[in-house]
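Q: Dropping the structure in here first, questions after.
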Amino acid sequence: MSRISVRGFAVASATAVTTVGAVVGVAAGSTPAADDNNFEATAADTTLLADIPAGQQAQVQTASLTQQADAQASAADATAKKSAEESARVQAAKDAKFKKAAAEAQLEKERQEKAERAERASRSEVRSASAFATQGSYSVADVQAMARQMIPGDQFQCFSNIVNHESSWNYRASNPSSGAYGLVQALPGSKMASAGADWQTNPATQIKWGLNYMDSRYGSPCGAWSFWQANHWY
């Protein structure tokens with residue numbers, strides 16, 4: 001027989017612990033106490049066990065190794081579960097970010113399409129120069145009213161800003177030094193003949209030419225106004 005130390009062995013089976021304690025008591029020649037609880041506590045606290053049969057030693061070691069294996073398996077399962085949960089969380093965050101970006105892109109696309117539809121509708125509603133009856137003269141209010149009906153609503157203010165600076169809405173405004181003429185101060189004024197032969201006396205013709213000029217060169221009256229603000233000419 002040999003003495004073995006069982007400190008460090010975590011015995012999983014309560015039956016095995018009780019059995020080991022009983023063997024120790026018999027080997028030492030002592031009589032087990034009547035109190036079973038005290039007996040088991042004493043057996044559990046015993047550091048050295050003597051004269052344990054080889055089979056019992058194997059049982060103790062097997063129980064300890066089994067518990068260690070179970071603990072390691074549980075720890076591995078917990079680690080794997082945590083890793084899977086973290087991966088799922090990261091993927092969910094990526095999916096949410098992608099969906100948000102897609103939704104924002106769709107909203108921006110719809111906003112642009114709506115703006116384009118509104119602009120097309122606005123342009124389709126404007127009147128042409130020929131829609132206005134010819135008059136002998138026109139007041140500033142008359143000319144502005146014509147421009148409001150010919151210029152798309154979202155571009156009128158920009159067009160108005162340029163005309164305010166160039167001619168103060170005087171369709172007969174003339175610059176003797178440069179030859180610029182009319183509401184938009186076409187240079188030379190005769191350029192406006194492409195919009196109508198009555199370019200010198202008809203504000204509608206001048207507005208038509210000015211709008212075409214701003215659209216073709218700057219994209220729109222607002223594009224022309226942005227250039228004017230930076231350069232004080234257009």
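Chain labels follow the order of the structure tokens: the first chain is A, the next B, and so on; residue numbering restarts at 1 in every chain, and ligands are counted from 1 in their shown order.
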Excluding segment 141-148 of chain A and any residue of its chain fewer than 6 positions from it, enumerate the residues within 9 Å of it, using only C-alpha atoms, and give them as a list in words.
A: Val126, Arg127, Ala129, Phe132, Phe156, Phe159, Ser160, Trp169, Asn170, Tyr171, Pro203, Ala204, Ile207 and Lys208 of chain A
Q: Can you measure atom CA of Gln155 of chain A to atom CA of Leu183 of chain A for me? One decimal in Å is fine.
A: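 For atom CA of Gln155 of chain A relative to atom CA of Leu183 of chain A, the distance reads 16.2 Å.
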Q: Val184 of chain A: which residues within 7 Å, counting only C-alpha atoms, same-chain residues fewer than 5 positions away excluded, as a list in words?
A: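 Those residues are Val163, Glu166, Ser167 and Gly210 of chain A.
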Q: Since we have the selection now, will you write its residues out, keeping all heavy atoms, as a PDB file, in the first residue's frame?
A:
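File produced: result-v4.pdb:
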ATOM      1  N   VAL A 163     -30.993  91.569 -63.797  1.00  0.00           N
ATOM      2  CA  VAL A 163     -31.638  92.683 -64.498  1.00  0.00           C
ATOM      3  C   VAL A 163     -31.611  93.946 -63.639  1.00  0.00           C
ATOM      4  O   VAL A 163     -31.396  95.060 -64.146  1.00  0.00           O
ATOM      5  CB  VAL A 163     -33.081  92.322 -64.889  1.00  0.00           C
ATOM      6  CG1 VAL A 163     -33.794  93.530 -65.497  1.00  0.00           C
ATOM      7  CG2 VAL A 163     -33.076  91.164 -65.886  1.00  0.00           C
ATOM      8  N   GLU A 166     -28.142  95.310 -64.111  1.00  0.00           N
ATOM      9  CA  GLU A 166     -27.779  95.675 -65.477  1.00  0.00           C
ATOM     10  C   GLU A 166     -28.594  96.848 -66.028  1.00  0.00           C
ATOM     11  O   GLU A 166     -28.050  97.705 -66.730  1.00  0.00           O
ATOM     12  CB  GLU A 166     -27.956  94.460 -66.396  1.00  0.00           C
ATOM     13  CG  GLU A 166     -27.009  93.299 -66.108  1.00  0.00           C
ATOM     14  CD  GLU A 166     -25.555  93.637 -66.404  1.00  0.00           C
ATOM     15  OE1 GLU A 166     -25.302  94.477 -67.299  1.00  0.00           O
ATOM     16  OE2 GLU A 166     -24.668  93.079 -65.741  1.00  0.00           O
ATOM     17  N   SER A 167     -29.899  96.891 -65.730  1.00  0.00           N
ATOM     18  CA  SER A 167     -30.732  97.909 -66.387  1.00  0.00           C
ATOM     19  C   SER A 167     -31.833  98.504 -65.517  1.00  0.00           C
ATOM     20  O   SER A 167     -32.564  99.391 -65.967  1.00  0.00           O
ATOM     21  CB  SER A 167     -31.401  97.290 -67.618  1.00  0.00           C
ATOM     22  OG  SER A 167     -32.300  96.262 -67.205  1.00  0.00           O
ATOM     23  N   GLY A 210     -32.434  86.798 -73.164  1.00  0.00           N
ATOM     24  CA  GLY A 210     -31.637  86.748 -71.938  1.00  0.00           C
ATOM     25  C   GLY A 210     -31.708  85.389 -71.264  1.00  0.00           C
ATOM     26  O   GLY A 210     -30.696  84.860 -70.780  1.00  0.00           O
TER      27      GLY A 210
END
Q: Please report, as a PyMOL selection string, each residue of segment 82-196 of chain A to which DSSP assigns alpha helix (DSSP H) when run on this structure's backbone.
A: chain A and resi 82-125+140-150+156-166
Q: Skipping near chain neighbours, those fewer than 6 positions away, what residues fall within 10 Å of Leu187 of chain A using only C-alpha atoms, listed as a list in words?
A: Asn175, Ser178, Gly179, Ala180 and Tyr181 of chain A
Q: Which value, in Å to one decimal, gives the distance between atom CA of Asn164 of chain A and atom CA of Ser220 of chain A?
A: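 A separation of 17.0 Å between them.
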